[in-house]
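S.K.: The file below is protein_11.cif, mmCIF, N, CA and C atoms:
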data_upload
#
loop_
_atom_site.label_atom_id
_atom_site.label_comp_id
_atom_site.auth_asym_id
_atom_site.auth_seq_id
_atom_site.Cartn_x
_atom_site.Cartn_y
_atom_site.Cartn_z
N MET A 1 0.85 -1.16 0.00
CA MET A 1 0.00 0.00 0.00
C MET A 1 0.89 1.23 0.00
N LYS A 2 0.59 2.10 -0.92
CA LYS A 2 1.40 3.29 -1.07
C LYS A 2 0.64 4.47 -0.46
N LEU A 3 1.29 5.23 0.45
CA LEU A 3 0.66 6.37 1.10
C LEU A 3 1.07 7.65 0.40
N SER A 4 0.12 8.53 0.25
CA SER A 4 0.41 9.81 -0.40
C SER A 4 1.10 10.75 0.59
N ALA A 5 1.66 11.81 0.06
CA ALA A 5 2.39 12.78 0.88
C ALA A 5 1.47 13.46 1.91
N PRO A 6 0.24 13.88 1.56
CA PRO A 6 -0.61 14.52 2.58
C PRO A 6 -0.98 13.58 3.73
N VAL A 7 -1.19 12.29 3.41
CA VAL A 7 -1.52 11.34 4.46
C VAL A 7 -0.33 11.14 5.38
N LEU A 8 0.87 11.06 4.82
CA LEU A 8 2.07 10.91 5.64
C LEU A 8 2.29 12.13 6.55
N LYS A 9 2.07 13.32 6.00
CA LYS A 9 2.23 14.53 6.81
C LYS A 9 1.23 14.53 7.97
N THR A 10 0.00 14.13 7.72
CA THR A 10 -1.03 14.10 8.75
C THR A 10 -0.67 13.10 9.85
N LEU A 11 -0.20 11.92 9.44
CA LEU A 11 0.20 10.92 10.43
C LEU A 11 1.39 11.40 11.24
N LEU A 12 2.36 12.06 10.59
CA LEU A 12 3.53 12.55 11.30
C LEU A 12 3.14 13.64 12.30
N LEU A 13 2.27 14.56 11.89
CA LEU A 13 1.83 15.62 12.81
C LEU A 13 1.02 15.05 13.98
N ALA A 14 0.21 14.04 13.73
CA ALA A 14 -0.56 13.43 14.81
C ALA A 14 0.36 12.75 15.81
N ALA A 15 1.41 12.09 15.32
CA ALA A 15 2.35 11.43 16.21
C ALA A 15 3.11 12.44 17.05
N ILE A 16 3.51 13.55 16.44
CA ILE A 16 4.24 14.58 17.18
C ILE A 16 3.33 15.22 18.23
N ALA A 17 2.08 15.50 17.82
CA ALA A 17 1.15 16.12 18.76
C ALA A 17 0.86 15.22 19.94
N SER A 18 0.77 13.91 19.72
CA SER A 18 0.51 13.00 20.82
C SER A 18 1.67 12.93 21.80
N LEU A 19 2.87 13.26 21.34
CA LEU A 19 4.02 13.29 22.25
C LEU A 19 4.15 14.63 22.95
N VAL A 20 3.85 15.71 22.25
CA VAL A 20 4.08 17.05 22.79
C VAL A 20 2.97 17.47 23.74
N LEU A 21 1.71 17.21 23.42
CA LEU A 21 0.60 17.68 24.25
C LEU A 21 0.63 17.13 25.67
N PRO A 22 0.89 15.85 25.91
CA PRO A 22 0.97 15.41 27.31
C PRO A 22 2.10 16.08 28.07
N LEU A 23 3.25 16.35 27.41
CA LEU A 23 4.34 17.03 28.09
C LEU A 23 3.94 18.46 28.43
N HIS A 24 3.24 19.13 27.51
CA HIS A 24 2.80 20.49 27.75
C HIS A 24 1.75 20.54 28.87
N ALA A 25 0.82 19.61 28.89
CA ALA A 25 -0.20 19.58 29.94
C ALA A 25 0.42 19.31 31.30
N HIS A 26 1.41 18.41 31.34
CA HIS A 26 2.09 18.11 32.61
C HIS A 26 2.86 19.32 33.10
N ALA A 27 3.52 20.04 32.21
CA ALA A 27 4.27 21.23 32.60
C ALA A 27 3.32 22.32 33.10
N ALA A 28 2.14 22.45 32.49
CA ALA A 28 1.19 23.48 32.90
C ALA A 28 0.63 23.19 34.29
N THR A 29 0.34 21.92 34.57
CA THR A 29 -0.21 21.60 35.90
C THR A 29 0.87 21.67 36.97
N ALA A 30 2.11 21.37 36.61
CA ALA A 30 3.19 21.44 37.59
C ALA A 30 3.54 22.89 37.91
N ALA A 31 3.31 23.81 36.97
CA ALA A 31 3.67 25.19 37.18
C ALA A 31 2.65 25.95 38.02
N LEU A 32 1.42 25.41 38.19
CA LEU A 32 0.40 26.10 38.97
C LEU A 32 0.78 26.12 40.44
N PRO A 33 0.70 27.30 41.08
CA PRO A 33 1.00 27.35 42.52
C PRO A 33 -0.12 26.68 43.31
N GLN A 34 0.25 25.99 44.34
CA GLN A 34 -0.72 25.32 45.20
C GLN A 34 -1.14 26.29 46.30
N PRO A 35 -2.45 26.39 46.57
CA PRO A 35 -2.90 27.28 47.65
C PRO A 35 -2.41 26.75 49.00
N PRO A 36 -2.16 27.66 49.92
CA PRO A 36 -1.70 27.20 51.24
C PRO A 36 -2.79 26.43 51.96
N ALA A 37 -2.39 25.41 52.64
CA ALA A 37 -3.35 24.60 53.41
C ALA A 37 -3.81 25.41 54.61
N SER A 38 -5.12 25.48 54.78
CA SER A 38 -5.68 26.23 55.89
C SER A 38 -6.82 25.44 56.50
N ASP A 39 -6.85 25.38 57.82
CA ASP A 39 -7.92 24.66 58.48
C ASP A 39 -9.15 25.54 58.70
N ARG A 40 -9.03 26.87 58.50
CA ARG A 40 -10.17 27.77 58.68
C ARG A 40 -10.37 28.58 57.41
N ARG A 41 -11.62 28.78 57.08
CA ARG A 41 -11.95 29.62 55.94
C ARG A 41 -12.05 31.07 56.40
N PRO A 42 -11.83 32.01 55.47
CA PRO A 42 -12.04 33.42 55.84
C PRO A 42 -13.50 33.65 56.22
N ALA A 43 -13.72 34.66 57.03
CA ALA A 43 -15.07 34.92 57.53
C ALA A 43 -16.06 35.20 56.40
N ASP A 44 -15.58 35.80 55.31
CA ASP A 44 -16.48 36.10 54.20
C ASP A 44 -17.02 34.85 53.54
N GLU A 45 -16.32 33.72 53.68
CA GLU A 45 -16.74 32.49 53.02
C GLU A 45 -17.58 31.59 53.91
N ILE A 46 -17.73 31.91 55.19
CA ILE A 46 -18.51 31.07 56.08
C ILE A 46 -19.99 31.35 55.83
N PRO A 47 -20.73 30.35 55.38
CA PRO A 47 -22.14 30.61 55.07
C PRO A 47 -22.99 30.70 56.35
N LEU A 48 -23.94 31.59 56.32
CA LEU A 48 -24.89 31.72 57.42
C LEU A 48 -26.22 31.14 56.94
N PRO A 49 -27.01 30.56 57.84
CA PRO A 49 -28.29 30.00 57.39
C PRO A 49 -29.26 31.10 56.96
N GLY A 50 -30.02 30.82 55.92
CA GLY A 50 -31.04 31.76 55.48
C GLY A 50 -30.47 32.98 54.78
N VAL A 51 -31.04 34.14 55.07
CA VAL A 51 -30.65 35.40 54.45
C VAL A 51 -29.78 36.18 55.44
N SER A 52 -28.61 36.62 54.99
CA SER A 52 -27.68 37.38 55.85
C SER A 52 -27.94 38.87 55.69
N ILE A 53 -27.96 39.57 56.84
CA ILE A 53 -28.21 41.00 56.86
C ILE A 53 -27.12 41.66 57.70
N PRO A 54 -26.45 42.71 57.19
CA PRO A 54 -25.46 43.41 58.01
C PRO A 54 -26.14 44.04 59.23
N TYR A 55 -25.47 43.92 60.39
CA TYR A 55 -26.07 44.44 61.63
C TYR A 55 -24.97 44.89 62.57
N GLU A 56 -24.83 46.20 62.79
CA GLU A 56 -23.93 46.80 63.78
C GLU A 56 -22.57 46.14 63.84
N GLY A 57 -21.84 46.14 62.76
CA GLY A 57 -20.49 45.59 62.72
C GLY A 57 -20.46 44.08 62.66
N GLY A 58 -21.58 43.45 62.53
CA GLY A 58 -21.66 42.00 62.43
C GLY A 58 -22.74 41.61 61.45
N TRP A 59 -23.39 40.51 61.74
CA TRP A 59 -24.42 39.98 60.85
C TRP A 59 -25.59 39.46 61.67
N MET A 60 -26.75 39.43 61.03
CA MET A 60 -27.86 38.66 61.55
C MET A 60 -28.40 37.84 60.38
N SER A 61 -28.92 36.67 60.71
CA SER A 61 -29.45 35.81 59.65
C SER A 61 -30.87 35.42 59.99
N LEU A 62 -31.72 35.49 58.97
CA LEU A 62 -33.12 35.11 59.11
C LEU A 62 -33.34 33.88 58.25
N ALA A 63 -33.81 32.81 58.89
CA ALA A 63 -34.03 31.55 58.18
C ALA A 63 -35.35 30.94 58.62
N VAL A 64 -35.91 30.11 57.77
CA VAL A 64 -37.10 29.33 58.13
C VAL A 64 -36.60 27.93 58.46
N GLU A 65 -36.74 27.55 59.72
CA GLU A 65 -36.34 26.22 60.19
C GLU A 65 -37.53 25.59 60.91
N LYS A 66 -37.84 24.37 60.55
CA LYS A 66 -38.98 23.66 61.12
C LYS A 66 -40.28 24.45 60.96
N GLY A 67 -40.37 25.23 59.86
CA GLY A 67 -41.59 25.94 59.55
C GLY A 67 -41.77 27.29 60.20
N VAL A 68 -40.82 27.75 61.02
CA VAL A 68 -40.94 29.06 61.67
C VAL A 68 -39.65 29.86 61.45
N PHE A 69 -39.75 31.18 61.62
CA PHE A 69 -38.58 32.04 61.47
C PHE A 69 -37.61 31.85 62.63
N HIS A 70 -36.32 31.84 62.32
CA HIS A 70 -35.24 31.83 63.30
C HIS A 70 -34.33 33.00 62.97
N LEU A 71 -34.12 33.90 63.94
CA LEU A 71 -33.26 35.06 63.76
C LEU A 71 -32.06 34.89 64.68
N ARG A 72 -30.85 34.88 64.08
CA ARG A 72 -29.62 34.70 64.85
C ARG A 72 -28.68 35.87 64.58
N PHE A 73 -27.78 36.14 65.52
CA PHE A 73 -26.85 37.25 65.42
C PHE A 73 -25.43 36.73 65.46
N TYR A 74 -24.53 37.39 64.68
CA TYR A 74 -23.14 36.97 64.55
C TYR A 74 -22.24 38.20 64.57
N ASP A 75 -20.99 38.01 65.02
CA ASP A 75 -20.03 39.10 64.98
C ASP A 75 -19.40 39.17 63.59
N ALA A 76 -18.40 40.05 63.40
CA ALA A 76 -17.78 40.22 62.09
C ALA A 76 -17.08 38.96 61.61
N ALA A 77 -16.61 38.12 62.53
CA ALA A 77 -15.95 36.86 62.17
C ALA A 77 -16.97 35.73 62.02
N ARG A 78 -18.23 36.08 62.07
CA ARG A 78 -19.35 35.14 61.92
C ARG A 78 -19.40 34.08 63.02
N GLU A 79 -19.06 34.49 64.22
CA GLU A 79 -19.21 33.66 65.41
C GLU A 79 -20.54 34.03 66.06
N PRO A 80 -21.30 33.05 66.56
CA PRO A 80 -22.62 33.34 67.15
C PRO A 80 -22.53 34.28 68.37
N LEU A 81 -23.51 35.16 68.47
CA LEU A 81 -23.62 36.10 69.59
C LEU A 81 -24.99 35.93 70.24
N PRO A 82 -25.12 36.32 71.51
CA PRO A 82 -26.46 36.33 72.11
C PRO A 82 -27.31 37.41 71.45
N ALA A 83 -28.60 37.19 71.42
CA ALA A 83 -29.51 38.13 70.77
C ALA A 83 -29.56 39.44 71.56
N PRO A 84 -29.33 40.59 70.91
CA PRO A 84 -29.38 41.87 71.61
C PRO A 84 -30.81 42.36 71.87
N ALA A 85 -31.78 41.78 71.19
CA ALA A 85 -33.17 42.18 71.34
C ALA A 85 -33.91 41.16 72.21
N ILE A 86 -34.92 41.62 72.94
CA ILE A 86 -35.69 40.68 73.75
C ILE A 86 -36.82 40.05 72.95
N ARG A 87 -37.19 40.70 71.83
CA ARG A 87 -38.16 40.10 70.91
C ARG A 87 -38.07 40.85 69.58
N ALA A 88 -38.73 40.29 68.60
CA ALA A 88 -38.81 40.92 67.28
C ALA A 88 -40.18 40.61 66.69
N THR A 89 -40.60 41.45 65.76
CA THR A 89 -41.85 41.19 65.05
C THR A 89 -41.52 41.07 63.57
N ALA A 90 -42.21 40.15 62.91
CA ALA A 90 -42.03 39.94 61.48
C ALA A 90 -43.39 40.03 60.81
N ARG A 91 -43.41 40.68 59.66
CA ARG A 91 -44.64 40.79 58.88
C ARG A 91 -44.26 40.49 57.44
N TRP A 92 -45.04 39.65 56.76
CA TRP A 92 -44.75 39.30 55.38
C TRP A 92 -46.05 39.01 54.66
N ASN A 93 -46.00 39.09 53.34
CA ASN A 93 -47.15 38.83 52.49
C ASN A 93 -46.92 37.52 51.74
N PRO A 94 -47.46 36.40 52.23
CA PRO A 94 -47.22 35.12 51.57
C PRO A 94 -47.76 35.10 50.13
N PRO A 95 -47.04 34.45 49.21
CA PRO A 95 -47.46 34.45 47.81
C PRO A 95 -48.81 33.79 47.56
N MET A 96 -49.19 32.81 48.32
CA MET A 96 -50.42 32.06 48.06
C MET A 96 -51.58 32.49 48.95
N LYS A 97 -51.51 33.71 49.52
CA LYS A 97 -52.54 34.17 50.44
C LYS A 97 -52.71 35.67 50.28
N THR A 98 -53.91 36.16 50.51
CA THR A 98 -54.12 37.60 50.48
C THR A 98 -53.90 38.16 51.88
N GLY A 99 -53.37 39.34 51.95
CA GLY A 99 -53.11 39.97 53.24
C GLY A 99 -51.76 39.56 53.81
N PHE A 100 -51.43 40.16 54.94
CA PHE A 100 -50.15 39.91 55.59
C PHE A 100 -50.28 38.84 56.67
N SER A 101 -49.18 38.14 56.90
CA SER A 101 -49.05 37.24 58.05
C SER A 101 -48.08 37.89 59.02
N ARG A 102 -48.27 37.62 60.29
CA ARG A 102 -47.43 38.23 61.32
C ARG A 102 -46.93 37.17 62.28
N SER A 103 -45.76 37.45 62.87
CA SER A 103 -45.19 36.55 63.85
C SER A 103 -44.39 37.36 64.87
N VAL A 104 -44.40 36.90 66.10
CA VAL A 104 -43.57 37.47 67.15
C VAL A 104 -42.44 36.49 67.40
N LEU A 105 -41.22 36.97 67.34
CA LEU A 105 -40.05 36.13 67.57
C LEU A 105 -39.57 36.35 69.00
N LEU A 106 -39.52 35.28 69.77
CA LEU A 106 -39.13 35.33 71.18
C LEU A 106 -37.83 34.57 71.40
N PRO A 107 -37.11 34.85 72.51
CA PRO A 107 -35.83 34.19 72.75
C PRO A 107 -35.95 32.67 72.86
N ALA A 108 -34.96 32.00 72.32
CA ALA A 108 -34.87 30.53 72.38
C ALA A 108 -33.41 30.16 72.26
N ASP A 109 -33.13 28.87 72.39
CA ASP A 109 -31.76 28.35 72.24
C ASP A 109 -30.80 29.08 73.18
N GLU A 110 -31.20 29.19 74.45
CA GLU A 110 -30.41 29.84 75.49
C GLU A 110 -30.07 31.29 75.15
N GLY A 111 -31.00 32.00 74.54
CA GLY A 111 -30.80 33.41 74.23
C GLY A 111 -29.99 33.68 72.98
N ARG A 112 -29.64 32.65 72.23
CA ARG A 112 -28.83 32.85 71.03
C ARG A 112 -29.66 33.06 69.78
N ALA A 113 -30.96 32.92 69.86
CA ALA A 113 -31.82 33.08 68.69
C ALA A 113 -33.17 33.62 69.13
N LEU A 114 -33.85 34.23 68.17
CA LEU A 114 -35.24 34.63 68.35
C LEU A 114 -36.04 33.75 67.40
N VAL A 115 -37.05 33.07 67.93
CA VAL A 115 -37.81 32.09 67.15
C VAL A 115 -39.26 32.53 67.07
N GLY A 116 -39.82 32.41 65.86
CA GLY A 116 -41.19 32.83 65.61
C GLY A 116 -42.22 31.86 66.15
N ASN A 117 -43.47 32.34 66.18
CA ASN A 117 -44.57 31.52 66.70
C ASN A 117 -45.63 31.22 65.65
N THR A 118 -45.38 31.59 64.38
CA THR A 118 -46.34 31.38 63.31
C THR A 118 -45.70 30.55 62.21
N PHE A 119 -46.45 29.57 61.70
CA PHE A 119 -45.95 28.73 60.62
C PHE A 119 -45.81 29.56 59.35
N VAL A 120 -44.69 29.39 58.65
CA VAL A 120 -44.42 30.11 57.41
C VAL A 120 -44.61 29.13 56.26
N LYS A 121 -45.70 29.33 55.51
CA LYS A 121 -46.02 28.41 54.42
C LYS A 121 -45.14 28.66 53.21
N PRO A 122 -44.71 27.58 52.54
CA PRO A 122 -43.95 27.76 51.31
C PRO A 122 -44.87 28.21 50.18
N PRO A 123 -44.40 28.77 49.14
CA PRO A 123 -43.00 29.02 48.78
C PRO A 123 -42.44 30.20 49.57
N HIS A 124 -41.18 30.13 49.91
CA HIS A 124 -40.54 31.14 50.74
C HIS A 124 -39.88 32.21 49.86
N THR A 125 -40.70 32.95 49.15
CA THR A 125 -40.24 34.06 48.32
C THR A 125 -41.16 35.23 48.58
N PHE A 126 -40.70 36.14 49.45
CA PHE A 126 -41.52 37.29 49.82
C PHE A 126 -40.63 38.32 50.51
N ARG A 127 -41.20 39.46 50.82
CA ARG A 127 -40.49 40.51 51.53
C ARG A 127 -40.91 40.46 53.00
N VAL A 128 -39.93 40.47 53.91
CA VAL A 128 -40.20 40.43 55.35
C VAL A 128 -39.88 41.80 55.94
N TYR A 129 -40.80 42.32 56.74
CA TYR A 129 -40.58 43.57 57.46
C TYR A 129 -40.31 43.17 58.91
N LEU A 130 -39.07 43.38 59.35
CA LEU A 130 -38.60 42.91 60.65
C LEU A 130 -38.33 44.10 61.55
N THR A 131 -38.83 44.05 62.79
CA THR A 131 -38.58 45.10 63.78
C THR A 131 -37.99 44.45 65.02
N LEU A 132 -36.82 44.93 65.45
CA LEU A 132 -36.17 44.44 66.67
C LEU A 132 -36.59 45.32 67.83
N ILE A 133 -36.98 44.69 68.94
CA ILE A 133 -37.46 45.42 70.11
C ILE A 133 -36.59 45.07 71.31
N GLY A 134 -36.08 46.10 71.99
CA GLY A 134 -35.24 45.92 73.16
C GLY A 134 -36.02 46.09 74.45
N THR A 135 -35.29 46.30 75.54
CA THR A 135 -35.93 46.49 76.83
C THR A 135 -36.74 47.79 76.82
N ASN A 136 -37.75 47.87 77.65
CA ASN A 136 -38.66 49.02 77.74
C ASN A 136 -39.33 49.32 76.41
N ASP A 137 -39.56 48.27 75.60
CA ASP A 137 -40.22 48.41 74.29
C ASP A 137 -39.54 49.42 73.38
N GLN A 138 -38.25 49.54 73.49
CA GLN A 138 -37.47 50.44 72.65
C GLN A 138 -37.19 49.75 71.32
N VAL A 139 -37.45 50.43 70.20
CA VAL A 139 -37.20 49.87 68.88
C VAL A 139 -35.70 49.99 68.58
N LEU A 140 -35.05 48.84 68.37
CA LEU A 140 -33.62 48.82 68.08
C LEU A 140 -33.33 48.96 66.59
N GLY A 141 -34.30 48.67 65.76
CA GLY A 141 -34.10 48.82 64.32
C GLY A 141 -35.21 48.15 63.55
N SER A 142 -35.42 48.65 62.33
CA SER A 142 -36.40 48.07 61.42
C SER A 142 -35.69 47.71 60.13
N TYR A 143 -36.01 46.56 59.57
CA TYR A 143 -35.32 46.06 58.39
C TYR A 143 -36.35 45.52 57.39
N THR A 144 -36.06 45.71 56.13
CA THR A 144 -36.85 45.13 55.05
C THR A 144 -35.95 44.12 54.34
N ILE A 145 -36.39 42.87 54.29
CA ILE A 145 -35.56 41.79 53.80
C ILE A 145 -36.27 41.09 52.65
N ASP A 146 -35.61 40.97 51.50
CA ASP A 146 -36.12 40.16 50.40
C ASP A 146 -35.75 38.72 50.69
N PHE A 147 -36.71 37.96 51.14
CA PHE A 147 -36.48 36.58 51.60
C PHE A 147 -36.71 35.63 50.44
N LYS A 148 -35.65 34.90 50.05
CA LYS A 148 -35.74 33.92 48.96
C LYS A 148 -34.88 32.73 49.34
N THR A 149 -35.49 31.61 49.66
CA THR A 149 -34.72 30.40 49.93
C THR A 149 -35.30 29.23 49.18
#
Step by step, read the file and then write its structure as structure tokens.
M.R.:
Amino acid sequence: MKLSAPVLKTLLLAAIASLVLPLHAHAATAALPQPPASDRRPADEIPLPGVSIPYEGGWMSLAVEKGVFHLRFYDAAREPLPAPAIRATARWNPPMKTGFSRSVLLPADEGRALVGNTFVKPPHTFRVYLTLIGTNDQVLGSYTIDFKT
């Protein structure tokens, strides 16, 4: 069988490419710097449950757990803090219902969270109007949260 010049060139180039490409791929992967091993992630990468809201140099997170709202507070390093409010009120307009639903969030989990008393029906896509209440019924802040989970 006699091979033509174009077929021989194609076979020769394929053979060269099969030798060169693995060497090039190995060199490229060996040249990549390896990230330093770390046992802790930066605070920005630590996920908080539910929706995260900036709060006085830290964070608060609003989540629906076991069908009710849970409000937790965290410092800038995202470590849990005791709740600064003695209660909170939440008001939202559920997608499958007319009118607003309301809930009062009271201390739970040894003061580390405020937990609601009203069942939150899915789908959980709505705007929540949250008011934090301190001692002597002092309003500590009001927040509007686009809740989507």
S.K.: Which residue out of A:Lys148, A:Lys66, A:Lys9, A:Arg87 has the minimum interatomic distance to Pro107 in chain A when all atoms listed in the file are used?
M.R.: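 Residue with the minimum atom-to-atom distance to Pro107 in chain A: A:Arg87.
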S.K.: Using CA of Ile86 in chain A and CA of Gly134 in chain A as the two end points, give the distance in Å to one decimal.
M.R.: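 Value for the CA of Ile86 in chain A-CA of Gly134 in chain A distance: 5.3 Å.
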S.K.: Which residues are near Asn93 in chain A? Cut-off 8 Å, only N, CA and C atoms, ignore same chain within fewer than 5 positions. Put them as a PyMOL selection string.
M.R.: chain A and resi 98-102+125-129
S.K.: Expand the PyMOL selection byres ((chain A and resi 49-60) around 6.5) into the explicit residue set it covers here, and present it as a list in words.
M.R.: Pro47, Leu48, Ser61, Leu62, Ala63, Val64, Leu71, Arg72, Phe73, Tyr74, Asp75, Ala76 and Ala77 of chain A
S.K.: Report, in Å with one decimal, the straight-line distance from atom C of Met96 in chain A to atom N of Ile133 in chain A.
M.R.: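 Computed distance, atom C of Met96 in chain A to atom N of Ile133 in chain A, equals 27.6 Å.
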S.K.: Decode the PyMOL selection byres (((chain A and resi 114 and name CA) around 9) and name CA) for the given file into explicit residues and return them as a list in words.
M.R.: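 Those residues are Phe69, His70, Leu71, Arg72, Ala83, Ala85, Ile86, Arg87, Ala88, Val104, Leu105, Leu106, Pro107, Ala108, Asp109, Gly111, Arg112, Ala113, Val115 and Gly116 of chain A.
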S.K.: Ranking A:Asp146, A:Leu13, A:Thr118, A:Thr89 by minimum distance to Leu130 in chain A and counting only C-alpha atoms, which one comes first?
M.R.: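 Closest to Leu130 in chain A, using only C-alpha atoms: A:Thr89.
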S.K.: If the box runs along x, y and z of the file and leaves 6 Å on each side of range 86-99 of chain A, what are its centre and edge lengths in Å, one decimal, as lines of an AutoDock Vina configuration file?
M.R.:
center_x = -44.5
center_y = 36.8
center_z = 60.7
size_x = 31.2
size_y = 21.6
size_z = 38.2
S.K.: Quick check for you: according to DSSP on this backbone, which residues of range 56-123 of chain A are classed as strand (DSSP E)? Reply as a count of residues only.
M.R.: 34
S.K.: CA of Asp137 in chain A and CA of Glu79 in chain A, how far apart in Å?
M.R.: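 Between CA of Glu79 in chain A and CA of Asp137 in chain A the gap is 27.2 Å.
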S.K.: Expanded to explicit residues, what is the PyMOL selection byres ((chain A and resi 142) around 6) for this file, as an NGL selection string?
M.R.: :A and (130-132 or 140-141 or 143-144)
S.K.: Export N, CA and C atoms of the chosen residues as a PDB file, in the coordinates of the input?
M.R.:
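Output file result11.pdb follows:
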ATOM      1  N   LEU A 130     -39.070  43.380  59.350  1.00  0.00           N
ATOM      2  CA  LEU A 130     -38.600  42.910  60.650  1.00  0.00           C
ATOM      3  C   LEU A 130     -38.330  44.100  61.550  1.00  0.00           C
ATOM      4  N   THR A 131     -38.830  44.050  62.790  1.00  0.00           N
ATOM      5  CA  THR A 131     -38.580  45.100  63.780  1.00  0.00           C
ATOM      6  C   THR A 131     -37.990  44.450  65.020  1.00  0.00           C
ATOM      7  N   LEU A 132     -36.820  44.930  65.450  1.00  0.00           N
ATOM      8  CA  LEU A 132     -36.170  44.440  66.670  1.00  0.00           C
ATOM      9  C   LEU A 132     -36.590  45.320  67.830  1.00  0.00           C
ATOM     10  N   LEU A 140     -35.050  48.840  68.370  1.00  0.00           N
ATOM     11  CA  LEU A 140     -33.620  48.820  68.080  1.00  0.00           C
ATOM     12  C   LEU A 140     -33.330  48.960  66.590  1.00  0.00           C
ATOM     13  N   GLY A 141     -34.300  48.670  65.760  1.00  0.00           N
ATOM     14  CA  GLY A 141     -34.100  48.820  64.320  1.00  0.00           C
ATOM     15  C   GLY A 141     -35.210  48.150  63.550  1.00  0.00           C
ATOM     16  N   TYR A 143     -36.010  46.560  59.570  1.00  0.00           N
ATOM     17  CA  TYR A 143     -35.320  46.060  58.390  1.00  0.00           C
ATOM     18  C   TYR A 143     -36.350  45.520  57.390  1.00  0.00           C
ATOM     19  N   THR A 144     -36.060  45.710  56.130  1.00  0.00           N
ATOM     20  CA  THR A 144     -36.850  45.130  55.050  1.00  0.00           C
ATOM     21  C   THR A 144     -35.950  44.120  54.340  1.00  0.00           C
TER      22      THR A 144
END
